[in-house]
Amino acid sequence: MDGIEVCRLIRSKVLCPILFLTARVDEDDKINGLLSGGDDYITKPFSLRELEARIVTNIKREERHQQKTEYRFMDEMLIDYSEKIVAIAGHRMEFTKIEYQIIEFLSMHPGQVFDKERIYAQVCGYDAEGDSRTITELVRRIRKKIADYSEKEYIETVWGIGYRWKK
């Protein structure tokens, strides 16, 4: 599988900057890389400072894009990321800080599966003292709170792997 195919597969599953780093310098190669979903195309030779600048620029662009996305609607659910509010059918839900962070993290990556360790590290930090098994209990509590207002299940268990936000 070449880089173009890999890029298409990644782009259909994940929202993140994709940079091509290659020795292919033909204009057609560059165009194909960008049209396949690449965000930048860097040809060899390159300096490490240039590579770093392009990575930083792409990450900042992604952050600006995410900041513009303040609301997300899913069926009867509304998530306001800037105000940290979750509402279903007009009913504002009450979540603990860590419960909300789990909802935010998973809902910003719909369809993508994350294991408990990754979710724990994302919401608690890599240096946090605790156990990723708490994620199981937190997801159970989130589901119970949502079930009070909706029959739809938003967080799906992927057995043996982890959890994902349903698309």
# chains A, B, ... in the order shown; residues from 1 in each chain; ligands from 1

call {"tool": "residues_around", "arguments": {"residues": "A:Ile119", "least_positions_apart": "5", "cutoff": "9 Å", "atoms": "only C-alpha atoms", "output": "PDB file with N, CA, C and O atoms, in the first residue's frame"}}
result
ATOM      1  N   ILE A 102     -14.908  13.162  29.210  1.00  0.00           N
ATOM      2  CA  ILE A 102     -15.049  11.920  28.444  1.00  0.00           C
ATOM      3  C   ILE A 102     -16.018  12.139  27.288  1.00  0.00           C
ATOM      4  O   ILE A 102     -15.738  11.755  26.139  1.00  0.00           O
ATOM      5  N   PHE A 105     -14.283  14.397  24.656  1.00  0.00           N
ATOM      6  CA  PHE A 105     -13.233  13.691  23.926  1.00  0.00           C
ATOM      7  C   PHE A 105     -13.816  12.706  22.916  1.00  0.00           C
ATOM      8  O   PHE A 105     -13.459  12.716  21.743  1.00  0.00           O
ATOM      9  N   LEU A 106     -14.736  11.859  23.356  1.00  0.00           N
ATOM     10  CA  LEU A 106     -15.301  10.858  22.458  1.00  0.00           C
ATOM     11  C   LEU A 106     -16.146  11.497  21.354  1.00  0.00           C
ATOM     12  O   LEU A 106     -16.058  11.101  20.192  1.00  0.00           O
ATOM     13  N   PHE A 114     -11.353   4.169  21.220  1.00  0.00           N
ATOM     14  CA  PHE A 114     -10.268   4.477  22.145  1.00  0.00           C
ATOM     15  C   PHE A 114     -10.300   3.470  23.283  1.00  0.00           C
ATOM     16  O   PHE A 114     -11.365   3.175  23.822  1.00  0.00           O
ATOM     17  N   CYS A 124      -7.436  12.671  32.344  1.00  0.00           N
ATOM     18  CA  CYS A 124      -6.777  12.822  33.645  1.00  0.00           C
ATOM     19  C   CYS A 124      -5.316  13.252  33.527  1.00  0.00           C
ATOM     20  O   CYS A 124      -4.718  13.683  34.498  1.00  0.00           O
ATOM     21  N   SER A 132      -7.140   3.178  35.025  1.00  0.00           N
ATOM     22  CA  SER A 132      -7.994   3.352  33.854  1.00  0.00           C
ATOM     23  C   SER A 132      -9.304   2.589  33.984  1.00  0.00           C
ATOM     24  O   SER A 132     -10.255   2.848  33.257  1.00  0.00           O
ATOM     25  N   ILE A 135     -12.651   4.399  34.162  1.00  0.00           N
ATOM     26  CA  ILE A 135     -13.350   4.830  32.948  1.00  0.00           C
ATOM     27  C   ILE A 135     -14.611   3.988  32.753  1.00  0.00           C
ATOM     28  O   ILE A 135     -15.656   4.514  32.366  1.00  0.00           O
ATOM     29  N   GLY A 162     -12.407  -0.999  23.716  1.00  0.00           N
ATOM     30  CA  GLY A 162     -12.680   0.221  24.455  1.00  0.00           C
ATOM     31  C   GLY A 162     -14.039   0.798  24.113  1.00  0.00           C
ATOM     32  O   GLY A 162     -15.029   0.062  24.034  1.00  0.00           O
ATOM     33  N   TYR A 163     -14.083   2.109  23.871  1.00  0.00           N
ATOM     34  CA  TYR A 163     -15.328   2.814  23.641  1.00  0.00           C
ATOM     35  C   TYR A 163     -15.210   3.724  22.422  1.00  0.00           C
ATOM     36  O   TYR A 163     -14.141   4.171  22.061  1.00  0.00           O
TER      37      TYR A 163
END

call {"tool": "residues_around", "arguments": {"residues": "A:Phe95", "least_positions_apart": "6", "cutoff": "10 Å", "atoms": "only C-alpha atoms", "output": "list in words"}}
result
Lys84, Ile85, Val86, Gln101, Ile103, Arg141, Ile142, Lys145 and Ile146 of chain A

call {"tool": "select_by_dssp", "arguments": {"residues": "chain A", "states": "helix (DSSP H, G or I)", "output": "PyMOL selection string"}}
result
chain A and resi 3-13+27-35+48-68+97-107+116-124+134-147

call {"tool": "atom_distance", "arguments": {"atom1": "atom CA of A:Asp39", "atom2": "atom CA of A:Phe20"}}
result
8.0 Å

call {"tool": "residues_around", "arguments": {"residues": "stretch 41-56 of chain A", "least_positions_apart": "5", "cutoff": "10 Å", "atoms": "only C-alpha atoms", "output": "ChimeraX atom specification"}}
result
/A:17-26,29-31,33-34,61-62

call {"tool": "closest_residue", "arguments": {"among": "A:Asp148, A:Leu9, A:Ser36, A:Arg164", "to": "A:Arg118", "atoms": "only C-alpha atoms"}}
result
A:Arg164

call {"tool": "select_by_dssp", "arguments": {"residues": "stretch 37-111 of chain A", "states": "strand (DSSP E or B)", "output": "list in words"}}
result
Asp40, Tyr41, Ile42, Thr43, Tyr71, Arg72, Phe73, Met74, Met77, Leu78, Ile79, Asp80, Ile85, Val86, Ala87, Ile88, His91 and Arg92 of chain A

call {"tool": "residues_around", "arguments": {"residues": "stretch 110-112 of chain A", "least_positions_apart": "6", "cutoff": "8 Å", "atoms": "only C-alpha atoms", "output": "ChimeraX atom specification"}}
result
/A:13-14,164-167

call {"tool": "write_last_selection", "arguments": {"atoms": "all heavy atoms", "output": "compact mmCIF listing (two decimals), in the first residue's frame"}}
result
# COMPACT_ATOMS: atom_id res chain seq x y z
N LYS A 13 -11.21 7.94 8.56
CA LYS A 13 -11.46 7.50 9.94
C LYS A 13 -11.11 8.54 11.00
O LYS A 13 -11.69 8.56 12.07
CB LYS A 13 -10.65 6.24 10.24
CG LYS A 13 -10.88 5.11 9.28
CD LYS A 13 -11.94 4.18 9.77
CE LYS A 13 -12.00 2.94 8.92
NZ LYS A 13 -13.18 2.79 8.17
N VAL A 14 -10.12 9.39 10.72
CA VAL A 14 -9.55 10.25 11.75
C VAL A 14 -9.49 11.69 11.27
O VAL A 14 -9.15 11.95 10.13
CB VAL A 14 -8.12 9.78 12.12
CG1 VAL A 14 -7.52 10.64 13.18
CG2 VAL A 14 -8.12 8.33 12.55
N ARG A 164 -16.39 4.01 21.83
CA ARG A 164 -16.44 4.99 20.76
C ARG A 164 -17.78 5.71 20.81
O ARG A 164 -18.77 5.18 21.30
CB ARG A 164 -16.24 4.35 19.40
CG ARG A 164 -17.44 3.67 18.83
CD ARG A 164 -17.25 3.26 17.38
NE ARG A 164 -17.85 1.95 17.21
CZ ARG A 164 -17.32 0.97 16.52
NH1 ARG A 164 -16.17 1.13 15.92
NH2 ARG A 164 -17.92 -0.19 16.42
N TRP A 165 -17.76 6.95 20.31
CA TRP A 165 -18.97 7.74 20.18
C TRP A 165 -19.63 7.33 18.88
O TRP A 165 -19.01 7.36 17.82
CB TRP A 165 -18.63 9.22 20.15
CG TRP A 165 -19.81 10.12 20.33
CD1 TRP A 165 -20.56 10.68 19.35
CD2 TRP A 165 -20.38 10.55 21.56
NE1 TRP A 165 -21.55 11.42 19.88
CE2 TRP A 165 -21.47 11.37 21.25
CE3 TRP A 165 -20.07 10.32 22.91
CZ2 TRP A 165 -22.26 11.97 22.23
CZ3 TRP A 165 -20.84 10.91 23.86
CH2 TRP A 165 -21.92 11.73 23.52
N LYS A 166 -20.90 6.95 18.95
CA LYS A 166 -21.61 6.50 17.75
C LYS A 166 -21.78 7.67 16.79
O LYS A 166 -22.08 8.78 17.20
CB LYS A 166 -22.97 5.91 18.10
CG LYS A 166 -22.91 4.54 18.70
CD LYS A 166 -24.32 3.99 18.85
CE LYS A 166 -24.31 2.57 19.33
NZ LYS A 166 -25.68 2.05 19.46
N LYS A 167 -21.60 7.37 15.52
CA LYS A 167 -21.81 8.40 14.48
C LYS A 167 -23.28 8.63 14.25
O LYS A 167 -24.09 7.78 14.37
CB LYS A 167 -21.17 7.96 13.16
CG LYS A 167 -19.67 8.10 13.18
CD LYS A 167 -19.13 7.83 11.80
CE LYS A 167 -17.65 8.06 11.75
NZ LYS A 167 -17.11 7.90 10.44

call {"tool": "closest_residue", "arguments": {"among": "A:Lys97, A:His91, A:His109, A:Arg64", "to": "A:Tyr149", "atoms": "only C-alpha atoms"}}
result
A:His91

call {"tool": "closest_residue", "arguments": {"among": "A:Thr96, A:Ser107, A:Asn32, A:Ser12", "to": "A:Arg72", "atoms": "only C-alpha atoms"}}
result
A:Ser107

call {"tool": "decode", "arguments": {"residues": "stretch 104-115 of chain A", "atoms": "all heavy atoms", "output": "JSON list (two decimals), in the first residue's frame"}}
result
[["chain", "number", "residue", "atom", "x", "y", "z"],
["A", 104, "GLU", "N", -16.81, 14.97, 25.84],
["A", 104, "GLU", "CA", -16.18, 15.88, 24.89],
["A", 104, "GLU", "C", -15.16, 15.14, 24.02],
["A", 104, "GLU", "O", -15.17, 15.25, 22.79],
["A", 104, "GLU", "CB", -15.52, 17.04, 25.63],
["A", 104, "GLU", "CG", -14.86, 18.05, 24.71],
["A", 104, "GLU", "CD", -14.24, 19.20, 25.48],
["A", 104, "GLU", "OE1", -13.28, 18.96, 26.24],
["A", 104, "GLU", "OE2", -14.73, 20.33, 25.32],
["A", 105, "PHE", "N", -14.28, 14.40, 24.66],
["A", 105, "PHE", "CA", -13.23, 13.69, 23.93],
["A", 105, "PHE", "C", -13.82, 12.71, 22.92],
["A", 105, "PHE", "O", -13.46, 12.72, 21.74],
["A", 105, "PHE", "CB", -12.30, 12.97, 24.90],
["A", 105, "PHE", "CG", -11.24, 12.14, 24.24],
["A", 105, "PHE", "CD1", -10.26, 12.74, 23.46],
["A", 105, "PHE", "CD2", -11.21, 10.77, 24.38],
["A", 105, "PHE", "CE1", -9.27, 11.98, 22.83],
["A", 105, "PHE", "CE2", -10.24, 10.00, 23.77],
["A", 105, "PHE", "CZ", -9.27, 10.61, 22.99],
["A", 106, "LEU", "N", -14.74, 11.86, 23.36],
["A", 106, "LEU", "CA", -15.30, 10.86, 22.46],
["A", 106, "LEU", "C", -16.15, 11.50, 21.35],
["A", 106, "LEU", "O", -16.06, 11.10, 20.19],
["A", 106, "LEU", "CB", -16.13, 9.84, 23.24],
["A", 106, "LEU", "CG", -15.35, 8.91, 24.17],
["A", 106, "LEU", "CD1", -16.30, 8.04, 24.97],
["A", 106, "LEU", "CD2", -14.35, 8.05, 23.40],
["A", 107, "SER", "N", -16.95, 12.50, 21.70],
["A", 107, "SER", "CA", -17.84, 13.11, 20.70],
["A", 107, "SER", "C", -17.08, 13.92, 19.66],
["A", 107, "SER", "O", -17.58, 14.12, 18.56],
["A", 107, "SER", "CB", -18.90, 13.98, 21.38],
["A", 107, "SER", "OG", -18.32, 15.13, 21.96],
["A", 108, "MET", "N", -15.89, 14.38, 20.00],
["A", 108, "MET", "CA", -15.08, 15.10, 19.02],
["A", 108, "MET", "C", -14.39, 14.15, 18.04],
["A", 108, "MET", "O", -13.82, 14.60, 17.05],
["A", 108, "MET", "CB", -14.06, 16.00, 19.71],
["A", 108, "MET", "CG", -14.70, 17.16, 20.42],
["A", 108, "MET", "SD", -13.48, 18.28, 21.10],
["A", 108, "MET", "CE", -13.67, 19.66, 19.99],
["A", 109, "HIS", "N", -14.47, 12.86, 18.32],
["A", 109, "HIS", "CA", -13.87, 11.84, 17.45],
["A", 109, "HIS", "C", -14.90, 10.73, 17.18],
["A", 109, "HIS", "O", -14.67, 9.57, 17.52],
["A", 109, "HIS", "CB", -12.63, 11.23, 18.11],
["A", 109, "HIS", "CG", -11.59, 12.26, 18.45],
["A", 109, "HIS", "ND1", -11.56, 12.89, 19.67],
["A", 109, "HIS", "CD2", -10.57, 12.77, 17.73],
["A", 109, "HIS", "CE1", -10.55, 13.75, 19.69],
["A", 109, "HIS", "NE2", -9.94, 13.70, 18.52],
["A", 110, "PRO", "N", -16.06, 11.08, 16.61],
["A", 110, "PRO", "CA", -17.11, 10.08, 16.43],
["A", 110, "PRO", "C", -16.65, 8.91, 15.56],
["A", 110, "PRO", "O", -15.96, 9.10, 14.56],
["A", 110, "PRO", "CB", -18.25, 10.85, 15.76],
["A", 110, "PRO", "CG", -17.60, 12.05, 15.15],
["A", 110, "PRO", "CD", -16.41, 12.35, 16.01],
["A", 111, "GLY", "N", -17.00, 7.71, 16.00],
["A", 111, "GLY", "CA", -16.65, 6.50, 15.26],
["A", 111, "GLY", "C", -15.26, 5.96, 15.56],
["A", 111, "GLY", "O", -14.96, 4.82, 15.24],
["A", 112, "GLN", "N", -14.42, 6.76, 16.18],
["A", 112, "GLN", "CA", -13.05, 6.31, 16.48],
["A", 112, "GLN", "C", -13.04, 5.59, 17.83],
["A", 112, "GLN", "O", -13.60, 6.07, 18.81],
["A", 112, "GLN", "CB", -12.11, 7.51, 16.52],
["A", 112, "GLN", "CG", -10.66, 7.12, 16.60],
["A", 112, "GLN", "CD", -9.73, 8.33, 16.42],
["A", 112, "GLN", "OE1", -10.16, 9.40, 16.06],
["A", 112, "GLN", "NE2", -8.47, 8.13, 16.71],
["A", 113, "VAL", "N", -12.40, 4.42, 17.87],
["A", 113, "VAL", "CA", -12.36, 3.60, 19.08],
["A", 113, "VAL", "C", -11.13, 3.99, 19.91],
["A", 113, "VAL", "O", -10.03, 4.09, 19.38],
["A", 113, "VAL", "CB", -12.31, 2.10, 18.73],
["A", 113, "VAL", "CG1", -12.25, 1.27, 20.01],
["A", 113, "VAL", "CG2", -13.50, 1.71, 17.88],
["A", 114, "PHE", "N", -11.35, 4.17, 21.22],
["A", 114, "PHE", "CA", -10.27, 4.48, 22.14],
["A", 114, "PHE", "C", -10.30, 3.47, 23.28],
["A", 114, "PHE", "O", -11.36, 3.17, 23.82],
["A", 114, "PHE", "CB", -10.41, 5.89, 22.72],
["A", 114, "PHE", "CG", -10.28, 6.97, 21.70],
["A", 114, "PHE", "CD1", -11.40, 7.56, 21.15],
["A", 114, "PHE", "CD2", -9.03, 7.40, 21.29],
["A", 114, "PHE", "CE1", -11.29, 8.56, 20.21],
["A", 114, "PHE", "CE2", -8.90, 8.40, 20.34],
["A", 114, "PHE", "CZ", -10.04, 8.98, 19.80],
["A", 115, "ASP", "N", -9.12, 2.98, 23.66],
["A", 115, "ASP", "CA", -9.09, 2.08, 24.81],
["A", 115, "ASP", "C", -9.17, 2.90, 26.09],
["A", 115, "ASP", "O", -9.00, 4.12, 26.09],
["A", 115, "ASP", "CB", -7.86, 1.17, 24.78],
["A", 115, "ASP", "CG", -6.54, 1.91, 24.84],
["A", 115, "ASP", "OD1", -6.47, 2.99, 25.44],
["A", 115, "ASP", "OD2", -5.56, 1.39, 24.29]]
